[in-house]
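Undergrad: This is protein_39.cif (mmCIF, C-alpha atoms).
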```
data_work
loop_
_atom_site.group_PDB
_atom_site.id
_atom_site.type_symbol
_atom_site.label_atom_id
_atom_site.label_comp_id
_atom_site.auth_asym_id
_atom_site.auth_seq_id
_atom_site.Cartn_x
_atom_site.Cartn_y
_atom_site.Cartn_z
ATOM 1 C CA MET A 21 -74.299 29.597 6.694
ATOM 2 C CA ARG A 22 -71.617 28.586 9.120
ATOM 3 C CA ILE A 23 -70.601 29.901 12.515
ATOM 4 C CA TRP A 24 -67.184 29.787 14.110
ATOM 5 C CA SER A 25 -66.574 30.851 17.712
ATOM 6 C CA SER A 26 -63.575 31.055 19.939
ATOM 7 C CA GLU A 27 -62.415 32.479 23.219
ATOM 8 C CA HIS A 28 -59.030 33.776 24.270
ATOM 9 C CA THR A 29 -57.706 35.175 27.538
ATOM 10 C CA PHE A 30 -55.167 37.974 27.609
ATOM 11 C CA ASP A 31 -52.918 38.305 30.661
ATOM 12 C CA HIS A 32 -53.568 42.015 30.857
ATOM 13 C CA GLU A 33 -56.233 44.176 32.433
ATOM 14 C CA TRP A 34 -59.140 45.435 30.345
ATOM 15 C CA GLU A 35 -57.892 49.033 29.897
ATOM 16 C CA THR A 36 -54.609 47.811 28.417
ATOM 17 C CA VAL A 37 -56.259 45.378 26.012
ATOM 18 C CA ALA A 38 -58.948 47.893 25.025
ATOM 19 C CA MET A 39 -56.288 50.489 24.293
ATOM 20 C CA ALA A 40 -54.320 48.043 22.156
ATOM 21 C CA ALA A 41 -57.374 46.633 20.375
ATOM 22 C CA PHE A 42 -58.530 50.139 19.540
ATOM 23 C CA LYS A 43 -55.139 51.053 18.129
ATOM 24 C CA LYS A 44 -54.447 47.623 16.710
ATOM 25 C CA TYR A 45 -53.168 48.777 13.321
ATOM 26 C CA PRO A 46 -50.527 48.962 12.045
ATOM 27 C CA ASN A 47 -48.802 45.908 13.482
ATOM 28 C CA PRO A 48 -46.324 43.567 11.820
ATOM 29 C CA LEU A 49 -48.597 40.515 12.202
ATOM 30 C CA ASN A 50 -51.505 41.936 10.222
ATOM 31 C CA ARG A 51 -49.853 43.549 7.257
ATOM 32 C CA ALA A 52 -52.869 43.037 5.010
ATOM 33 C CA VAL A 53 -54.494 46.166 6.447
ATOM 34 C CA THR A 54 -53.332 49.059 4.287
ATOM 35 C CA GLY A 55 -55.641 51.930 5.238
ATOM 36 C CA ILE A 56 -58.282 52.931 7.764
ATOM 37 C CA ASP A 57 -60.658 55.857 7.866
ATOM 38 C CA VAL A 58 -62.811 56.960 10.772
ATOM 39 C CA VAL A 59 -66.157 57.927 9.268
ATOM 40 C CA LYS A 60 -67.939 58.440 12.557
ATOM 41 C CA GLN A 61 -66.806 58.899 16.141
ATOM 42 C CA THR A 62 -69.243 60.087 18.767
ATOM 43 C CA LEU A 63 -69.722 59.952 22.498
ATOM 44 C CA GLU A 64 -73.095 58.852 23.735
ATOM 45 C CA ALA A 65 -74.010 58.219 27.352
ATOM 46 C CA GLY A 66 -70.411 57.684 28.346
ATOM 47 C CA LYS A 67 -69.629 55.352 25.450
ATOM 48 C CA ILE A 68 -67.459 55.880 22.407
ATOM 49 C CA LEU A 69 -69.122 54.813 19.175
ATOM 50 C CA THR A 70 -66.816 54.475 16.198
ATOM 51 C CA GLU A 71 -67.387 53.562 12.578
ATOM 52 C CA ARG A 72 -64.373 52.797 10.456
ATOM 53 C CA ILE A 73 -63.718 51.704 6.901
ATOM 54 C CA ILE A 74 -60.854 49.260 6.692
ATOM 55 C CA GLN A 75 -58.910 48.651 3.514
ATOM 56 C CA SER A 76 -57.023 45.373 3.195
ATOM 57 C CA HIS A 77 -54.815 44.094 0.473
ATOM 58 C CA PHE A 78 -54.432 40.422 -0.360
ATOM 59 C CA SER A 79 -52.467 38.705 -3.040
ATOM 60 C CA ILE A 80 -55.100 36.876 -5.034
ATOM 61 C CA PRO A 81 -54.278 34.897 -8.164
ATOM 62 C CA SER A 82 -55.641 36.578 -11.287
ATOM 63 C CA TRP A 83 -57.751 33.536 -12.244
ATOM 64 C CA ALA A 84 -59.571 33.867 -8.927
ATOM 65 C CA THR A 85 -60.176 37.546 -9.575
ATOM 66 C CA LYS A 86 -61.676 36.654 -12.960
ATOM 67 C CA LEU A 87 -63.830 33.937 -11.477
ATOM 68 C CA THR A 88 -65.253 35.827 -8.524
ATOM 69 C CA GLY A 89 -64.796 39.466 -9.507
ATOM 70 C CA PHE A 90 -62.846 39.831 -6.273
ATOM 71 C CA SER A 91 -59.829 42.070 -6.524
ATOM 72 C CA GLY A 92 -56.906 42.060 -4.144
ATOM 73 C CA THR A 93 -58.182 45.201 -2.410
ATOM 74 C CA GLN A 94 -61.088 44.681 -0.050
ATOM 75 C CA TYR A 95 -63.044 46.993 2.193
ATOM 76 C CA SER A 96 -64.926 46.306 5.369
ATOM 77 C CA HIS A 97 -67.073 48.297 7.728
ATOM 78 C CA GLU A 98 -66.274 48.155 11.427
ATOM 79 C CA TYR A 99 -68.437 49.392 14.254
ATOM 80 C CA THR A 100 -67.111 49.570 17.812
ATOM 81 C CA VAL A 101 -68.777 50.443 21.082
ATOM 82 C CA ILE A 102 -66.499 51.065 24.041
ATOM 83 C CA ASP A 103 -68.092 51.365 27.438
ATOM 84 C CA PRO A 104 -65.382 52.084 30.032
ATOM 85 C CA THR A 105 -67.870 52.150 32.915
ATOM 86 C CA LYS A 106 -69.010 48.590 32.262
ATOM 87 C CA LYS A 107 -65.609 47.654 30.819
ATOM 88 C CA HIS A 108 -67.167 46.364 27.672
ATOM 89 C CA PHE A 109 -65.600 46.610 24.209
ATOM 90 C CA GLN A 110 -67.570 45.347 21.254
ATOM 91 C CA LEU A 111 -66.517 45.289 17.649
ATOM 92 C CA THR A 112 -68.593 44.217 14.651
ATOM 93 C CA THR A 113 -67.275 43.943 11.137
ATOM 94 C CA ARG A 114 -68.875 43.267 7.780
ATOM 95 C CA ASN A 115 -67.401 42.955 4.316
ATOM 96 C CA LEU A 116 -68.216 45.704 1.811
ATOM 97 C CA ASN A 117 -67.152 43.908 -1.359
ATOM 98 C CA GLY A 118 -68.481 40.763 -2.980
ATOM 99 C CA SER A 119 -71.717 41.180 -1.074
ATOM 100 C CA SER A 120 -73.736 39.539 -3.852
ATOM 101 C CA PHE A 121 -72.338 36.123 -2.929
ATOM 102 C CA LEU A 122 -70.463 36.565 0.331
ATOM 103 C CA ARG A 123 -71.385 37.905 3.715
ATOM 104 C CA VAL A 124 -69.045 37.830 6.665
ATOM 105 C CA ASP A 125 -70.269 39.112 10.003
ATOM 106 C CA GLU A 126 -67.671 39.177 12.678
ATOM 107 C CA LYS A 127 -68.190 40.066 16.294
ATOM 108 C CA LEU A 128 -65.539 40.510 18.942
ATOM 109 C CA THR A 129 -66.045 41.417 22.581
ATOM 110 C CA TYR A 130 -63.405 42.208 25.162
ATOM 111 C CA THR A 131 -64.530 41.956 28.786
ATOM 112 C CA PRO A 132 -62.682 41.545 32.100
ATOM 113 C CA HIS A 133 -62.202 37.958 33.255
ATOM 114 C CA ILE A 134 -64.884 37.119 35.829
ATOM 115 C CA GLU A 135 -62.474 35.702 38.400
ATOM 116 C CA ASP A 136 -59.335 37.657 37.634
ATOM 117 C CA PRO A 137 -59.663 41.392 36.921
ATOM 118 C CA ASN A 138 -56.067 41.424 35.686
ATOM 119 C CA LYS A 139 -57.113 39.311 32.733
ATOM 120 C CA THR A 140 -59.286 40.073 29.731
ATOM 121 C CA VAL A 141 -61.414 37.655 27.765
ATOM 122 C CA LEU A 142 -61.879 37.996 24.025
ATOM 123 C CA LYS A 143 -64.918 36.315 22.552
ATOM 124 C CA GLN A 144 -64.947 36.002 18.828
ATOM 125 C CA ASP A 145 -67.812 34.897 16.605
ATOM 126 C CA VAL A 146 -68.012 34.894 12.870
ATOM 127 C CA ILE A 147 -70.917 34.023 10.627
ATOM 128 C CA VAL A 148 -70.164 33.357 6.985
ATOM 129 C CA THR A 149 -72.834 33.008 4.326
ATOM 130 C CA ILE A 150 -71.871 32.203 0.762
ATOM 131 C CA THR A 151 -74.488 32.275 -1.968
ATOM 132 C CA LEU A 152 -73.174 30.345 -4.927
ATOM 133 C CA PRO A 153 -74.969 27.884 -7.195
ATOM 134 C CA ALA A 154 -72.505 25.178 -6.212
ATOM 135 C CA PHE A 155 -69.850 24.400 -3.617
ATOM 136 C CA ALA A 156 -71.217 27.025 -1.231
ATOM 137 C CA ASP A 157 -70.789 24.759 1.761
ATOM 138 C CA TYR A 158 -67.274 23.805 0.730
ATOM 139 C CA CYS A 159 -66.378 27.473 0.261
ATOM 140 C CA GLU A 160 -67.768 28.387 3.667
ATOM 141 C CA LYS A 161 -65.721 25.625 5.280
ATOM 142 C CA THR A 162 -62.581 26.761 3.468
ATOM 143 C CA PHE A 163 -63.241 30.358 4.402
ATOM 144 C CA LEU A 164 -63.560 29.513 8.090
ATOM 145 C CA SER A 165 -60.429 27.403 8.105
ATOM 146 C CA ILE A 166 -58.457 30.360 6.720
ATOM 147 C CA TYR A 167 -60.299 32.686 9.069
ATOM 148 C CA SER A 168 -59.418 30.658 12.159
ATOM 149 C CA GLN A 169 -55.746 30.747 11.193
ATOM 150 C CA ASN A 170 -55.929 34.501 10.770
ATOM 151 C CA ALA A 171 -57.778 34.879 14.077
ATOM 152 C CA SER A 172 -54.722 33.744 16.003
ATOM 153 C CA LYS A 173 -52.642 36.246 14.052
ATOM 154 C CA GLY A 174 -55.129 38.925 15.091
ATOM 155 C CA ARG A 175 -54.657 38.038 18.760
ATOM 156 C CA GLN A 176 -50.882 38.020 18.350
ATOM 157 C CA GLY A 177 -51.256 41.421 16.733
ATOM 158 C CA VAL A 178 -53.058 42.731 19.822
ATOM 159 C CA GLU A 179 -50.315 41.235 22.036
ATOM 160 C CA TRP A 180 -47.697 42.931 19.894
ATOM 161 C CA VAL A 181 -49.457 46.288 20.247
ATOM 162 C CA ILE A 182 -49.736 45.810 24.037
ATOM 163 C CA ASP A 183 -45.989 45.215 24.184
ATOM 164 C CA ASN A 184 -45.382 48.164 21.942
ATOM 165 C CA LEU A 185 -47.595 50.513 23.985
ATOM 166 C CA LYS A 186 -45.805 49.331 27.136
ATOM 167 C CA LYS A 187 -42.423 50.070 25.612
ATOM 168 C CA GLU A 188 -43.686 53.489 24.565
ATOM 169 C CA TYR A 189 -44.745 54.153 28.165
ATOM 170 C CA ASP A 190 -41.568 52.620 29.591
ATOM 171 C CA ALA A 191 -39.508 54.817 27.301
ATOM 172 C CA ILE A 192 -41.273 57.876 28.678
ATOM 173 C CA SER A 193 -40.982 56.800 32.309
ATOM 174 C CA THR A 194 -37.311 55.772 32.070
ATOM 175 C CA LYS A 195 -36.606 59.097 30.423
ATOM 176 C CA VAL A 196 -38.356 60.905 33.265
ATOM 177 C CA THR A 197 -36.564 58.718 35.822
ATOM 178 C CA SER A 198 -33.182 59.468 34.286
ATOM 179 C CA GLU A 199 -34.003 63.174 34.215
ATOM 180 C CA VAL A 200 -35.073 63.091 37.856
ATOM 181 C CA HIS A 201 -31.919 61.166 38.697
ATOM 182 C CA GLU A 202 -29.732 63.631 36.825
ATOM 183 C CA MET A 203 -31.475 66.527 38.514
ATOM 184 C CA SER A 204 -31.061 65.099 41.992
ATOM 185 C CA GLU A 205 -27.419 64.366 41.262
ATOM 186 C CA LYS A 206 -26.957 68.013 40.317
ATOM 187 C CA VAL A 207 -28.749 69.223 43.418
ATOM 188 C CA ARG A 208 -26.639 66.903 45.540
ATOM 189 C CA SER A 209 -23.407 68.194 44.015
ATOM 190 C CA TRP A 210 -24.537 71.797 44.403
ATOM 191 C CA SER A 211 -25.434 71.351 48.020
ATOM 192 C CA ALA A 212 -22.222 69.436 48.538
ATOM 193 C CA THR A 213 -20.117 72.235 47.079
ATOM 194 C CA SER A 214 -21.990 74.974 48.900
ATOM 195 C CA SER A 215 -22.098 73.394 52.331
ATOM 196 C CA ASN A 216 -18.955 71.364 52.112
ATOM 197 C CA PRO A 217 -15.923 72.270 50.019
ATOM 198 C CA LYS A 218 -15.062 68.595 49.564
ATOM 199 C CA PRO A 219 -17.286 66.769 47.062
ATOM 200 C CA GLU A 220 -16.974 63.496 49.021
ATOM 201 C CA ARG A 221 -19.081 63.258 52.137
ATOM 202 C CA MET B 6 -47.623 59.100 21.766
ATOM 203 C CA SER B 7 -46.213 56.678 19.239
ATOM 204 C CA GLY B 8 -44.578 56.626 15.856
ATOM 205 C CA ARG B 9 -47.071 54.007 14.758
ATOM 206 C CA HIS B 10 -49.603 55.462 12.392
ATOM 207 C CA MET B 11 -52.297 53.874 10.282
ATOM 208 C CA SER B 12 -52.682 55.849 7.113
ATOM 209 C CA SER B 13 -55.899 56.959 5.482
ATOM 210 C CA ILE B 14 -57.262 55.007 2.516
ATOM 211 C CA PHE B 15 -56.895 58.228 0.547
ATOM 212 C CA PRO B 16 -53.415 59.831 0.553
ATOM 213 C CA GLU B 17 -54.976 63.304 0.206
ATOM 214 C CA CYS B 18 -56.731 62.862 3.581
ATOM 215 C CA ASP B 19 -53.800 61.358 5.437
ATOM 216 C CA GLN B 20 -52.497 64.550 6.945
ATOM 217 C CA LEU B 21 -55.942 65.459 8.262
ATOM 218 C CA LYS B 22 -56.260 61.944 9.666
ATOM 219 C CA GLN B 23 -52.914 62.171 11.462
ATOM 220 C CA ILE B 24 -53.936 65.424 13.132
ATOM 221 C CA TYR B 25 -57.280 63.989 14.173
ATOM 222 C CA ASP B 26 -55.808 60.667 15.376
ATOM 223 C CA LYS B 27 -53.257 62.441 17.527
ATOM 224 C CA CYS B 28 -55.959 64.524 19.177
ATOM 225 C CA PHE B 29 -58.346 61.619 19.700
ATOM 226 C CA THR B 30 -55.696 59.219 20.999
ATOM 227 C CA GLU B 31 -54.709 61.718 23.673
ATOM 228 C CA PHE B 32 -58.337 62.021 24.709
ATOM 229 C CA PHE B 33 -58.929 58.264 24.494
ATOM 230 C CA GLN B 34 -56.062 57.525 26.881
ATOM 231 C CA LYS B 35 -57.717 59.660 29.533
ATOM 232 C CA PHE B 36 -61.222 58.492 28.719
ATOM 233 C CA ILE B 37 -60.442 54.796 29.120
ATOM 234 C CA THR B 38 -59.247 55.166 32.716
ATOM 235 C CA PRO B 39 -61.721 54.023 35.414
ATOM 236 C CA ASN B 40 -61.977 57.358 37.236
ATOM 237 C CA TYR B 41 -62.771 59.499 34.236
ATOM 238 C CA ARG B 42 -66.215 61.167 34.239
ATOM 239 C CA HIS B 43 -67.399 59.229 31.199
ATOM 240 C CA GLN B 44 -71.021 60.355 31.294
ATOM 241 C CA TYR B 45 -70.158 64.014 30.777
ATOM 242 C CA ALA B 46 -67.517 63.574 28.122
ATOM 243 C CA VAL B 47 -67.766 65.091 24.662
ATOM 244 C CA ASN B 48 -65.422 64.474 21.767
ATOM 245 C CA PRO B 49 -62.912 67.326 22.095
ATOM 246 C CA CYS B 50 -61.640 66.618 18.571
ATOM 247 C CA GLU B 51 -64.993 66.938 16.819
ATOM 248 C CA ARG B 52 -64.011 69.907 14.655
ATOM 249 C CA LEU B 53 -60.855 68.194 13.486
ATOM 250 C CA HIS B 54 -62.956 65.153 12.682
ATOM 251 C CA ASP B 55 -65.439 67.180 10.626
ATOM 252 C CA VAL B 56 -62.680 68.460 8.352
ATOM 253 C CA TYR B 57 -61.072 65.045 7.998
ATOM 254 C CA LYS B 58 -64.399 63.273 7.487
ATOM 255 C CA ARG B 59 -65.399 65.658 4.710
ATOM 256 C CA CYS B 60 -62.209 64.769 2.870
ATOM 257 C CA VAL B 61 -62.927 61.030 3.189
ATOM 258 C CA GLU B 62 -66.616 61.268 2.301
ATOM 259 C CA GLU B 63 -65.886 63.221 -0.867
ATOM 260 C CA ARG B 64 -63.477 60.551 -2.037
ATOM 261 C CA LEU B 65 -65.770 57.698 -1.087
ATOM 262 C CA ALA B 66 -68.507 59.348 -3.145
ATOM 263 C CA THR B 67 -66.397 59.882 -6.254
ATOM 264 C CA GLN B 68 -64.233 56.747 -6.219
ATOM 265 C CA GLN B 69 -66.852 54.314 -4.892
ATOM 266 C CA PRO B 70 -64.424 51.601 -3.796
ATOM 267 C CA PHE B 71 -67.284 49.326 -2.693
ATOM 268 C CA GLU B 72 -70.826 48.726 -3.829
ATOM 269 C CA ILE B 73 -72.570 48.984 -0.450
ATOM 270 C CA ASP B 74 -74.137 52.236 0.695
ATOM 271 C CA LEU B 75 -72.971 53.043 4.218
ATOM 272 C CA ASP B 76 -76.383 54.353 5.256
ATOM 273 C CA GLU B 77 -77.917 51.049 4.235
ATOM 274 C CA ILE B 78 -75.422 49.116 6.292
ATOM 275 C CA ARG B 79 -76.058 51.396 9.249
ATOM 276 C CA LYS B 80 -79.795 50.926 9.119
ATOM 277 C CA GLU B 81 -79.698 47.206 8.663
ATOM 278 C CA TYR B 82 -76.617 46.170 10.506
ATOM 279 C CA LEU B 83 -76.730 48.396 13.556
ATOM 280 C CA ASN B 84 -80.281 47.388 14.397
ATOM 281 C CA SER B 85 -81.992 44.328 13.059
ATOM 282 C CA ASP B 86 -79.085 42.192 11.901
ATOM 283 C CA GLU B 87 -77.046 43.023 14.918
ATOM 284 C CA ASP B 88 -79.896 41.767 17.056
ATOM 285 C CA LYS B 89 -80.161 38.634 14.945
ATOM 286 C CA LEU B 90 -76.473 38.091 15.455
ATOM 287 C CA LYS B 91 -76.963 38.410 19.197
ATOM 288 C CA GLU B 92 -79.858 35.968 19.162
ATOM 289 C CA ARG B 93 -77.820 33.467 17.221
ATOM 290 C CA GLN B 94 -74.953 33.821 19.602
ATOM 291 C CA ASN B 95 -77.186 33.499 22.616
ATOM 292 C CA GLY B 96 -78.674 30.399 21.049
ATOM 293 C CA THR B 97 -75.298 28.709 20.753
ATOM 294 C CA GLU B 98 -73.849 29.755 24.069
ATOM 295 C CA PRO B 99 -75.017 31.575 27.194
ATOM 296 C CA GLU B 100 -74.240 35.277 27.518
ATOM 297 C CA GLN B 101 -71.203 35.921 29.640
ATOM 298 C CA LYS B 102 -71.945 38.463 32.313
#
```
What does the file become when written as structure tokens?
TA:
Amino acid sequence: MRIWSSEHTFDHEWETVAMAAFKKYPNPLNRAVTGIDVVKQTLEAGKILTERIIQSHFSIPSWATKLTGFSGTQYSHEYTVIDPTKKHFQLTTRNLNGSSFLRVDEKLTYTPHIEDPNKTVLKQDVIVTITLPAFADYCEKTFLSIYSQNASKGRQGVEWVIDNLKKEYDAISTKVTSEVHEMSEKVRSWSATSSNPKPER
Amino acid sequence: MSGRHMSSIFPECDQLKQIYDKCFTEFFQKFITPNYRHQYAVNPCERLHDVYKRCVEERLATQQPFEIDLDEIRKEYLNSDEDKLKERQNGTEPEQK
């Protein structure tokens, strides 16, 4: 068994990060995720509890598939608890394939930064346990080295979604602004023509 | 609110998922804000979820894409193992509060 932990600070407030983390997929940095299904989504005591099945696709060499029985399509179970009152977002994931020799437990929490409420801290822990007659320790080490590389991609993915959500909002607000502007221009020209025959003041 | 959509694992359920996701995302956006009355909230999209979930569960049962039973994982993982995970984490580093 091996544990890997890390911490990352986002320069955004908790609501923004929570929104993006919840709607993380699809994003161009994590293309391995090919399908998600929400098997449970309930509200309990002001919290949203969600269970999802995540399908990922990896390109695995065929010899590796033969050796481990692992195919390129993998499934995992994800459980999230979002508590907006406490501003706490917790996500736990476990692999659903290859469980006879591999167990990956991942836990992510998003909480506001203690000193700066405009920032959000992501804490990430993963526990990997490989049960193989030989090389288990080596495999665990290798797994975590790949995992840690992917972890940074995951954070970049969240950043990408934050940017994307912002643009989506900006697009709406600029549209509204331009409509308001257009409207006020019209009103101005109407009032100008009705009160004053000359369009210039 | 966005053109971004994560598709269902099963193409047959994708349309039902899109409808549900749209409904829930709208609700989620309001729910996440600090002034929302979180304690009294119910999932306004529950009926849409029931229909969509049935579609997914049927396919999970027939196609069996993984060997683990979800009820097993719920029992084990949401209680005991989750607590073990917490203990382990608290052992390695103090809880951030």
Undergrad: With a distance cut-off of 12 Å and all atoms listed in the file, select the neighbouring residues of B:Phe36, excluding the residue or stretch itself and same-chain residues fewer than 4 positions from it, and output the selection as a ChimeraX atom specification.
TA: /A:35,38-39,63,66-68,102-105,107 /B:29-32,40-49
Undergrad: Taking only C-alpha atoms into account, which residues of chain A are within 9 Å of chain B, as a ChimeraX atom specification?
TA: /A:35,38-39,43,45-47,53-68,73-75,94-97,99,102-105,107,112,114,116-119,125,127,131,134,145,147,184-185,188-189
Undergrad: Work out how far apart atom CA of B:Lys80 and atom CA of A:Phe42 are and give it in Å to one decimal.
TA: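 Value for the atom CA of B:Lys80-atom CA of A:Phe42 distance: 23.7 Å.
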Undergrad: Evaluate the PyMOL selection byres ((chain A and resi 176-183) around 7) against this structure - the residues, as a CSV table (one decimal) with C-alpha atoms, in the coordinates of the input, please.
TA:
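Written out: part-v6.csv:
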```csv
chain,number,residue,atom,x,y,z
A,36,THR,CA,-54.6,47.8,28.4
A,37,VAL,CA,-56.3,45.4,26.0
A,40,ALA,CA,-54.3,48.0,22.2
A,41,ALA,CA,-57.4,46.6,20.4
A,44,LYS,CA,-54.4,47.6,16.7
A,47,ASN,CA,-48.8,45.9,13.5
A,49,LEU,CA,-48.6,40.5,12.2
A,50,ASN,CA,-51.5,41.9,10.2
A,172,SER,CA,-54.7,33.7,16.0
A,173,LYS,CA,-52.6,36.2,14.1
A,174,GLY,CA,-55.1,38.9,15.1
A,175,ARG,CA,-54.7,38.0,18.8
A,184,ASN,CA,-45.4,48.2,21.9
A,185,LEU,CA,-47.6,50.5,24.0
A,186,LYS,CA,-45.8,49.3,27.1
A,187,LYS,CA,-42.4,50.1,25.6
```
Undergrad: Within 12 Å of A:Leu152, counting all atoms listed in the file, which residues show up once you throw out same-chain ones fewer than 5 positions away? Write them as a VMD selection string, please.
TA: chain A and resid 21 87 to 88 118 to 123 157 to 160
Undergrad: Within 8 Å of A:Glu33, counting all atoms listed in the file, which residues qualify if same-chain residues fewer than 2 places away don't, as a PyMOL selection string?
TA: chain A and resi 30-31+35-37+132+137-140
Undergrad: When you draw a straight line from atom CA of B:Glu77 to atom CA of A:Thr113, how long is it in Å?
TA: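 Between these atoms lies a distance of 14.5 Å.
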Undergrad: What's the separation between atom CA of A:Pro153 and atom CA of A:Trp24, in Å to one decimal place?
TA: 22.8 Å
Undergrad: Kindly indicate which residue among A:Thr70, A:Gln144, A:Ser76, A:Gln110 lies nearest to A:Ile23, using only C-alpha atoms for the distances.
TA: A:Gln144
Undergrad: Once 8 Å is added on each side, what centre and edge lengths in Å to one decimal does the axis-aligned box around all listed atoms of stretch 53-72 of chain A have, as lines of an AutoDock Vina configuration file?
TA:
```
center_x = -63.7
center_y = 53.1
center_z = 16.3
size_x = 36.7
size_y = 29.9
size_z = 40.1
```
